[in-house]
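Chemist: Pasting in a structure now, in structure tokens, and then I'll have a few things to ask.
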Amino acid sequence: MQVASVSEQMIQREQRLIADAMRMRYYPLVVASASGCTVTDVDGRQYLDLTAGWCVANTGYGHPAIQQAIADSYRRLSFWSAVSNPHPSFLDLAERLVQLVPGDAPRKVSFANSGSEANDGVAKLVPLARKRPRMISFIGAMHGMVVGSAGLSGMPFLTRFGGSGGVTRVPYPNPYRPFFSSDPEQDAAECLRFLEEQVLCGVSPPEQTAAVIVEPLQSDSGVVVPPDSFLPALQRLCRKYDLLLVDDEVKIGGGRTGRMLGAELTGVQPDVVVVGKWLGAGLPIAAIIGPAEVLDVVPLGHAFTLSGNPTCCAAALANLDVIEREGLAARAVELGERMMNRLREMQARHEWIGDVRGKGLFVGVELVRDRHTKEPASLETAKLCYRAFELGLVLNYLGVRANVLEITPPLVISAAEIDRALEILEQALADVERGLVPDDRIGRIGW
Ligand SMILES: Cc1ncc(COP(=O)(O)O)c(C=O)c1O
């Protein structure tokens with residue numbers, strides 16, 4: 001009789017114990033440890049990681065300087081609730097975050113434990129502060145899983161929870177699948193014309209609309225990179241109608257795009273910025289950075305016992321130091337170029353690769369069955385990630401059509417690791433093309 005591996009045994013335990021509400025699984029990986037860009041499973045197998053744990057481990061897993069900062073902080077002050085009293089790293093981090101945001105306008109900080117909670121604060125505080133009940137967001141957006149932040153989002157797995165009262169969603173320009181015009185610039189302009197002429201003149205008039213919330217690059221909808229003209233034009237529209245521009249940097253910030261914040265790529269100066277995921281290098285911390293008029297509107301209006309706790313603040317401070325000291329944003333530009341060049345070479349050899357796009361080390365590969373019709377290759381994408389796992393590569397997919405590989409490695413990845421990862425990826429693709437992955441390996445496709 002064949003003995004189940006430790007991974008198989010743990011997966012059986014998981015089926016028994018863990019709620020489906022908190023998980024989705026692409027392959028049977030049970031993680032024991034990780035270091036740099038390498039993950040080790042409970043059976044001792046090693047994998048290269050192209051996910052950074054959904055854009056959290058920008059500085060790699062277990063960076064020694066961050067480990068040290070966390071241990072020192074916990075030894076000094078294991079906990080104090082910043083809801084009742086401040087502590088030094090809470091103030092130091094707030095100071096750093098305020099400095100990160102482009103522009104001279106004075107800003108304050110409200111901490112949370114997750115991007116979902118921080119964007120929930122946006123959903124609560126921004127309309128109250130502006131005395132305008134409506135918000136505008138984008139189709140395909142992911143802003144969180146708490147009812148208010150899910151309600152700001154524009155993906156079906158989030159909009160089913162009914163927190164969307166007052167939120168109007170408008171089209172986000174997608175150069176690979178343009179809706180209004182085959183010219184991407186024109187398409188982006190038409191998306192904004194729709195916002196101005198249909199939404200602001202119709203369902204969400206400016207005097208009732210508090211803000212527009214946007215991801216500078218959309219992630220969960222399928223790594224969508226709008227033309228560079230889009231965000232500045234959106235900012236002009238916001239200024240014209242006196243709407244605040246809220247920039248969700250929860251996923252793409254932290255140096256990933258080649259800048260600390262994705263908005264810097266196009267020189268936009270958002271009124272409110274939301275950061276999370278990557279901020280704590282694996283510890284739960286997020287923040288809203290915005291004007292006092294917004295963040296002071298309701299005393300105790302968005303306070304959580306654990307938010308801004310000493311350990312998470314120390315981790316975030318050390319993490320920001322590493323991103324800056326090791327020049328990880330510049331590294332993302334250089335390595336992202338290498339990655340995308342290789343992927344485009346691969347595109348010439350594999351018909352299923354319909355599009356390769358990205359900024360820095362925020363890279364998407366869209367798989368289609370037919371380059372002309374762009375029929376999504378969703379099952380093939382799921383199989384590709386599964387096969388990559390079998391070959392020693394951790395890789396996720398996402399997108400409204402569940403057919404986009406999200407390639408977001410830790411920013412400390414080396415050129416040699418990128419080359420190795422792409423070799424495995426191409427091998428996995430060739431294996432799926434040859435029908436090596438049976439359909440029954442794949443559970444539910446997408447989200
Ligand atoms: C752009 C964006 N905002 C907010 C969130 C929510 O963050 P969290 O899962 O940490 O609550 C996500 C999560 O994927 C995201 O991608």
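Every chain in the structure tokens takes a letter, A first, then B, and so on in the order presented; its residues are numbered from 1, and the ligands are numbered from 1 following the presented order.
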As a ChimeraX atom specification, please: every protein or nucleic acid residue near ligand 1 (cut-off 8 Å, counting only C-alpha atoms and all ligand atoms).

Modeler: /A:54,113-119,141-146,149,215,218-220,248-252,276-277,284,286

Chemist: Which residues come within 6 Å of region 32-43 of chain A, counting only C-alpha atoms, excluding same-chain residues fewer than 4 positions away, as number ranges by chain?

Modeler: A: 6, 47-49, 60-62

Chemist: Keeping N, CA, C and O atoms for every residue in the selection just given, could you write it to a file as a short mmCIF file (atom, residue, chain, number, x, y, z; two decimals), in the first residue's frame?

Modeler:
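Printed below is out26.cif as written:
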data_model
loop_
_atom_site.label_atom_id
_atom_site.label_comp_id
_atom_site.auth_asym_id
_atom_site.auth_seq_id
_atom_site.Cartn_x
_atom_site.Cartn_y
_atom_site.Cartn_z
N VAL A 6 3.41 13.60 3.44
CA VAL A 6 2.99 14.53 4.50
C VAL A 6 2.04 15.57 3.90
O VAL A 6 1.02 15.93 4.49
N TYR A 47 10.63 24.89 -4.33
CA TYR A 47 9.98 25.55 -5.47
C TYR A 47 10.49 26.97 -5.57
O TYR A 47 10.76 27.62 -4.56
N LEU A 48 10.55 27.46 -6.80
CA LEU A 48 10.81 28.89 -7.00
C LEU A 48 9.47 29.61 -6.94
O LEU A 48 8.48 29.11 -7.47
N ASP A 49 9.46 30.77 -6.34
CA ASP A 49 8.18 31.46 -6.13
C ASP A 49 8.01 32.65 -7.08
O ASP A 49 8.83 33.57 -7.06
N GLY A 60 11.33 39.53 -0.30
CA GLY A 60 11.69 38.12 -0.18
C GLY A 60 11.20 37.57 1.15
O GLY A 60 10.75 38.32 2.02
N TYR A 61 11.26 36.25 1.29
CA TYR A 61 10.79 35.62 2.53
C TYR A 61 11.92 35.65 3.56
O TYR A 61 13.05 35.27 3.27
N GLY A 62 11.59 36.13 4.76
CA GLY A 62 12.51 36.05 5.88
C GLY A 62 13.74 36.93 5.76
O GLY A 62 14.84 36.52 6.16
#

Chemist: In region 49-139 of chain A, what's strand (DSSP E) per DSSP? Answer as a PyMOL selection string?

Modeler: chain A and resi 49+108-112+134-138

Chemist: Quick one: write out the picked residues with N, CA and C atoms as a JSON list (two decimals), in the first residue's frame?

Modeler:
[["chain", "number", "residue", "atom", "x", "y", "z"],
["A", 49, "ASP", "N", 9.46, 30.77, -6.34],
["A", 49, "ASP", "CA", 8.18, 31.46, -6.13],
["A", 49, "ASP", "C", 8.01, 32.65, -7.08],
["A", 108, "LYS", "N", -2.69, 62.86, 6.97],
["A", 108, "LYS", "CA", -2.64, 62.06, 8.19],
["A", 108, "LYS", "C", -2.76, 60.59, 7.81],
["A", 109, "VAL", "N", -2.66, 59.72, 8.81],
["A", 109, "VAL", "CA", -2.67, 58.27, 8.54],
["A", 109, "VAL", "C", -3.69, 57.59, 9.45],
["A", 110, "SER", "N", -4.43, 56.65, 8.89],
["A", 110, "SER", "CA", -5.28, 55.77, 9.69],
["A", 110, "SER", "C", -4.87, 54.34, 9.40],
["A", 111, "PHE", "N", -4.46, 53.62, 10.43],
["A", 111, "PHE", "CA", -3.97, 52.24, 10.22],
["A", 111, "PHE", "C", -5.11, 51.23, 10.27],
["A", 112, "ALA", "N", -4.87, 50.10, 9.60],
["A", 112, "ALA", "CA", -5.81, 48.97, 9.63],
["A", 112, "ALA", "C", -4.98, 47.69, 9.58],
["A", 134, "ARG", "N", -22.27, 59.23, -2.68],
["A", 134, "ARG", "CA", -21.93, 58.31, -3.77],
["A", 134, "ARG", "C", -20.43, 58.19, -4.00],
["A", 135, "MET", "N", -20.04, 57.06, -4.59],
["A", 135, "MET", "CA", -18.64, 56.84, -4.97],
["A", 135, "MET", "C", -18.62, 56.23, -6.37],
["A", 136, "ILE", "N", -17.51, 56.43, -7.06],
["A", 136, "ILE", "CA", -17.34, 55.79, -8.37],
["A", 136, "ILE", "C", -16.12, 54.87, -8.29],
["A", 137, "SER", "N", -16.28, 53.67, -8.85],
["A", 137, "SER", "CA", -15.14, 52.75, -8.93],
["A", 137, "SER", "C", -15.15, 52.11, -10.31],
["A", 138, "PHE", "N", -14.26, 51.15, -10.52],
["A", 138, "PHE", "CA", -14.10, 50.60, -11.87],
["A", 138, "PHE", "C", -14.51, 49.13, -11.93]]

Chemist: Would you tabulate, counting only C-alpha atoms, all residues of region 35-81 of chain A that have an atom at most 12 Å from an atom of region 331-340 of chain A, showing the closest pair of atoms and their distance in Å to one decimal, sorted by chain then ascending number, as CSV?

Modeler:
residue,atom,partner,partner_atom,distance
A:Leu50,CA,A:Met339,CA,11.3
A:Asn58,CA,A:Ala332,CA,9.9
A:Thr59,CA,A:Ala332,CA,11.3

Chemist: Of the candidates A:Pro291, A:Ala315, A:Phe304, A:Val437, which shows the shortest atom-to-atom distance to Ser81 (chain A), using only C-alpha atoms?

Modeler: A:Phe304

Chemist: Output as CSV one row per residue of region 23-131 of chain A within 12 Å of region 162-166 of chain A: the closest atom pair and its distance in Å to one decimal place, counting only C-alpha atoms, sorted by chain and residue number ascending.

Modeler:
residue,atom,partner,partner_atom,distance
A:Asp120,CA,A:Gly163,CA,10.2
A:Ala123,CA,A:Ser164,CA,9.5
A:Lys124,CA,A:Gly163,CA,11.1
A:Pro127,CA,A:Gly166,CA,9.7

Chemist: Could the residues in this selection be written to a file with all heavy atoms, as a PDB file, in the first residue's frame?

Modeler:
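That gives us again-v1.pdb:
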ATOM      1  N   ASP A 120     -12.233  49.664   3.430  1.00  0.00           N
ATOM      2  CA  ASP A 120     -13.527  49.809   4.097  1.00  0.00           C
ATOM      3  C   ASP A 120     -13.594  51.187   4.767  1.00  0.00           C
ATOM      4  O   ASP A 120     -14.658  51.817   4.791  1.00  0.00           O
ATOM      5  CB  ASP A 120     -13.676  48.716   5.156  1.00  0.00           C
ATOM      6  CG  ASP A 120     -15.115  48.309   5.341  1.00  0.00           C
ATOM      7  OD1 ASP A 120     -15.706  47.810   4.364  1.00  0.00           O
ATOM      8  OD2 ASP A 120     -15.652  48.512   6.445  1.00  0.00           O
ATOM      9  N   ALA A 123     -14.565  53.581   2.186  1.00  0.00           N
ATOM     10  CA  ALA A 123     -16.011  53.497   1.897  1.00  0.00           C
ATOM     11  C   ALA A 123     -16.827  54.217   2.975  1.00  0.00           C
ATOM     12  O   ALA A 123     -17.858  54.820   2.691  1.00  0.00           O
ATOM     13  CB  ALA A 123     -16.437  52.036   1.793  1.00  0.00           C
ATOM     14  N   LYS A 124     -16.328  54.174   4.226  1.00  0.00           N
ATOM     15  CA  LYS A 124     -17.074  54.804   5.320  1.00  0.00           C
ATOM     16  C   LYS A 124     -16.785  56.296   5.431  1.00  0.00           C
ATOM     17  O   LYS A 124     -17.697  57.122   5.530  1.00  0.00           O
ATOM     18  CB  LYS A 124     -16.659  54.152   6.661  1.00  0.00           C
ATOM     19  CG  LYS A 124     -17.275  52.798   6.913  1.00  0.00           C
ATOM     20  CD  LYS A 124     -16.470  51.990   7.935  1.00  0.00           C
ATOM     21  CE  LYS A 124     -16.344  52.658   9.285  1.00  0.00           C
ATOM     22  NZ  LYS A 124     -15.538  51.817  10.222  1.00  0.00           N
ATOM     23  N   PRO A 127     -17.265  59.376   1.958  1.00  0.00           N
ATOM     24  CA  PRO A 127     -18.592  59.973   1.739  1.00  0.00           C
ATOM     25  C   PRO A 127     -19.058  60.829   2.927  1.00  0.00           C
ATOM     26  O   PRO A 127     -19.642  61.899   2.729  1.00  0.00           O
ATOM     27  CB  PRO A 127     -19.511  58.757   1.557  1.00  0.00           C
ATOM     28  CG  PRO A 127     -18.602  57.660   1.124  1.00  0.00           C
ATOM     29  CD  PRO A 127     -17.308  57.917   1.849  1.00  0.00           C
TER      30      PRO A 127
END

Chemist: List as a count of residues only the protein and nucleic acid residues near Leu393 (chain A), meaning an atom at most 12 Å away when only C-alpha atoms are counted, but skip any in the same chain fewer than 6 places from it.

Modeler: 31

Chemist: Skipping near chain neighbours, those fewer than 3 positions away, what residues fall within 8 Å of Phe79 (chain A) using only C-alpha atoms, listed as a list in words?

Modeler: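 Here the answer would be Tyr74, Asn309, Pro310 and Thr311 of chain A.
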
Chemist: Any chance you could list, as number ranges by chain, the residues in region 146-255 of chain A that come up alpha helix (DSSP H) when DSSP is run on the backbone?

Modeler: A: 147-152, 156-159, 184-194, 230-240

Chemist: Next, the residues of the selection above should be written as a short mmCIF file (atom, residue, chain, number, x, y, z; two decimals), in the first residue's frame with N, CA and C atoms.

Modeler:
data_model
loop_
_atom_site.label_atom_id
_atom_site.label_comp_id
_atom_site.auth_asym_id
_atom_site.auth_seq_id
_atom_site.Cartn_x
_atom_site.Cartn_y
_atom_site.Cartn_z
N VAL A 147 -17.42 44.08 3.86
CA VAL A 147 -18.61 44.44 3.06
C VAL A 147 -18.45 45.78 2.34
N GLY A 148 -17.94 46.80 3.03
CA GLY A 148 -17.80 48.11 2.38
C GLY A 148 -16.78 48.11 1.26
N SER A 149 -15.63 47.45 1.48
CA SER A 149 -14.60 47.45 0.43
C SER A 149 -14.95 46.49 -0.69
N ALA A 150 -15.67 45.40 -0.38
CA ALA A 150 -16.19 44.53 -1.44
C ALA A 150 -17.18 45.33 -2.27
N GLY A 151 -17.94 46.19 -1.61
CA GLY A 151 -18.93 47.00 -2.30
C GLY A 151 -18.33 48.03 -3.23
N LEU A 152 -17.10 48.43 -2.97
CA LEU A 152 -16.41 49.36 -3.89
C LEU A 152 -15.84 48.61 -5.09
N PRO A 156 -17.19 39.88 -9.78
CA PRO A 156 -18.39 39.18 -9.32
C PRO A 156 -18.24 38.48 -7.98
N PHE A 157 -17.02 37.99 -7.65
CA PHE A 157 -16.88 37.29 -6.38
C PHE A 157 -16.95 38.25 -5.19
N LEU A 158 -16.95 39.56 -5.47
CA LEU A 158 -17.02 40.56 -4.41
C LEU A 158 -18.34 41.32 -4.38
N THR A 159 -18.95 41.47 -5.55
CA THR A 159 -20.14 42.33 -5.62
C THR A 159 -21.39 41.60 -5.12
N PRO A 184 -5.97 51.90 -28.15
CA PRO A 184 -5.98 51.94 -26.68
C PRO A 184 -6.10 53.35 -26.08
N GLU A 185 -5.42 54.33 -26.70
CA GLU A 185 -5.52 55.71 -26.18
C GLU A 185 -6.95 56.21 -26.30
N GLN A 186 -7.52 55.96 -27.46
CA GLN A 186 -8.89 56.39 -27.72
C GLN A 186 -9.86 55.66 -26.78
N ASP A 187 -9.57 54.40 -26.57
CA ASP A 187 -10.43 53.59 -25.70
C ASP A 187 -10.42 54.16 -24.27
N ALA A 188 -9.20 54.53 -23.79
CA ALA A 188 -9.09 55.10 -22.44
C ALA A 188 -9.87 56.42 -22.38
N ALA A 189 -9.75 57.22 -23.44
CA ALA A 189 -10.47 58.50 -23.47
C ALA A 189 -11.98 58.26 -23.46
N GLU A 190 -12.42 57.21 -24.15
CA GLU A 190 -13.86 56.91 -24.20
C GLU A 190 -14.37 56.41 -22.85
N CYS A 191 -13.53 55.66 -22.14
CA CYS A 191 -13.93 55.22 -20.79
C CYS A 191 -14.22 56.44 -19.92
N LEU A 192 -13.34 57.44 -20.04
CA LEU A 192 -13.52 58.64 -19.22
C LEU A 192 -14.69 59.48 -19.73
N ARG A 193 -14.91 59.45 -21.04
CA ARG A 193 -16.08 60.18 -21.57
C ARG A 193 -17.36 59.53 -21.04
N PHE A 194 -17.36 58.21 -20.94
CA PHE A 194 -18.52 57.51 -20.37
C PHE A 194 -18.72 57.97 -18.92
N PHE A 230 -4.12 57.56 -19.08
CA PHE A 230 -5.41 57.36 -18.39
C PHE A 230 -5.48 58.01 -17.01
N LEU A 231 -4.49 57.71 -16.16
CA LEU A 231 -4.57 58.20 -14.78
C LEU A 231 -4.50 59.74 -14.70
N PRO A 232 -3.56 60.37 -15.44
CA PRO A 232 -3.57 61.84 -15.41
C PRO A 232 -4.90 62.42 -15.91
N ALA A 233 -5.49 61.80 -16.92
CA ALA A 233 -6.77 62.32 -17.43
C ALA A 233 -7.87 62.12 -16.38
N LEU A 234 -7.80 60.99 -15.67
CA LEU A 234 -8.78 60.75 -14.60
C LEU A 234 -8.62 61.81 -13.50
N GLN A 235 -7.35 62.12 -13.19
CA GLN A 235 -7.12 63.13 -12.15
C GLN A 235 -7.68 64.50 -12.59
N ARG A 236 -7.49 64.84 -13.86
CA ARG A 236 -8.04 66.12 -14.36
C ARG A 236 -9.56 66.14 -14.24
N LEU A 237 -10.17 65.01 -14.54
CA LEU A 237 -11.64 64.92 -14.45
C LEU A 237 -12.08 65.09 -12.99
N CYS A 238 -11.34 64.46 -12.08
CA CYS A 238 -11.67 64.58 -10.66
C CYS A 238 -11.56 66.04 -10.21
N ARG A 239 -10.49 66.70 -10.66
CA ARG A 239 -10.31 68.12 -10.26
C ARG A 239 -11.43 68.97 -10.83
N LYS A 240 -11.79 68.70 -12.09
CA LYS A 240 -12.83 69.49 -12.76
C LYS A 240 -14.15 69.42 -12.00
#

Chemist: Considering only C-alpha atoms, can you say which of A:Gly222, A:Pro270, A:Gly44, A:Gly443 comes closest to Ala382 (chain A)?

Modeler: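 Among the listed residues, the smallest separation from Ala382 (chain A) belongs to A:Gly443.
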
Chemist: CA of Gln269 (chain A) to CA of Leu244 (chain A): how many Å, to one decimal?

Modeler: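 Result for CA of Gln269 (chain A) versus CA of Leu244 (chain A): 10.7 Å, one decimal.
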
Chemist: Please, what distance in Å, to one decimal, runs between CA of Thr209 (chain A) and CA of Pro133 (chain A)?

Modeler: 6.3 Å

Chemist: From the set A:Ala303, A:Ile18, A:Leu93, A:Leu405, which residue has the shortest atom-to-atom contact distance to Thr381 (chain A), counting only C-alpha atoms?

Modeler: A:Leu405

Chemist: At a cut-off of 12 Å, using only C-alpha atoms, what residues contact Glu264 (chain A)? Leave out same-chain residues fewer than 3 positions from it and give the result as a ChimeraX atom specification.

Modeler: /A:100-103,216-217,228,231-232,247,249,252-261,267-270,273,329,359

Chemist: Limited to C-alpha atoms, could you put the picked residues into a file as a compact mmCIF listing (two decimals), in the first residue's frame?

Modeler:
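Output contents, as saved in again_32.txt:
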# COMPACT_ATOMS: atom_id res chain seq x y z
CA LEU A 100 5.69 58.46 0.50
CA VAL A 101 2.67 60.15 -1.01
CA PRO A 102 3.49 62.55 -3.86
CA GLY A 103 2.54 66.22 -3.45
CA PRO A 216 -3.32 52.54 -11.18
CA LEU A 217 -2.90 49.07 -12.70
CA ASP A 228 -0.13 56.11 -19.47
CA LEU A 231 -4.57 58.20 -14.78
CA PRO A 232 -3.57 61.84 -15.41
CA ASP A 247 -5.45 55.46 -5.19
CA GLU A 249 -1.77 50.74 -3.91
CA ILE A 252 1.12 47.15 -6.72
CA GLY A 253 2.93 49.45 -4.28
CA GLY A 254 6.19 48.82 -2.46
CA GLY A 255 8.53 49.16 -5.45
CA ARG A 256 6.91 46.45 -7.57
CA THR A 257 6.14 48.63 -10.60
CA GLY A 258 9.52 50.35 -10.54
CA ARG A 259 8.29 53.10 -8.21
CA MET A 260 7.38 52.98 -4.54
CA LEU A 261 3.78 53.78 -5.55
CA GLY A 267 3.03 61.62 -12.12
CA VAL A 268 -0.43 61.59 -10.58
CA GLN A 269 -0.94 63.10 -7.12
CA PRO A 270 -3.85 61.25 -5.52
CA VAL A 273 -3.61 56.57 -0.93
CA ALA A 329 12.20 49.54 -7.29
CA LYS A 359 5.25 47.34 -15.31

Chemist: Here is a test: counting only C-alpha atoms, which residue of A:Ala82, A:Cys313, A:Ala287, A:Ile445 is nearest to Arg25 (chain A)?

Modeler: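 For Arg25 (chain A), the nearest of the candidates is A:Ile445.
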
Chemist: In Å, with one decimal, what is the gap from CA of Val30 (chain A) to CA of Arg434 (chain A)?

Modeler: 27.6 Å

Chemist: Residues at most 8 Å from Cys312 (chain A), counting only C-alpha atoms, excluding those fewer than 6 positions away in the same chain, as a list in words?

Modeler: Ile70, Gly280, Leu283, Pro284 and Ile285 of chain A

Chemist: Selection from above, C-alpha atoms, as a PDB file, in the first residue's frame, can you write it?

Modeler:
ATOM      1  CA  ILE A  70      10.376  42.152  14.492  1.00  0.00           C
ATOM      2  CA  GLY A 280       4.321  44.586   6.649  1.00  0.00           C
ATOM      3  CA  LEU A 283       2.689  40.916   9.067  1.00  0.00           C
ATOM      4  CA  PRO A 284      -0.833  42.331   8.852  1.00  0.00           C
ATOM      5  CA  ILE A 285      -0.755  46.090   8.483  1.00  0.00           C
TER       6      ILE A 285
END

Chemist: Find the spatial neighbours of Glu380 (chain A), counting only C-alpha atoms, within a cut-off of 9 Å - ignore same-chain residues fewer than 6 positions away - and output them as a list of chain:residue names.

Modeler: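 Result of the neighbour search: A:Trp352, A:Leu367, A:Val368, A:Arg369, A:Asn403, A:Leu429, A:Val432, A:Glu433.
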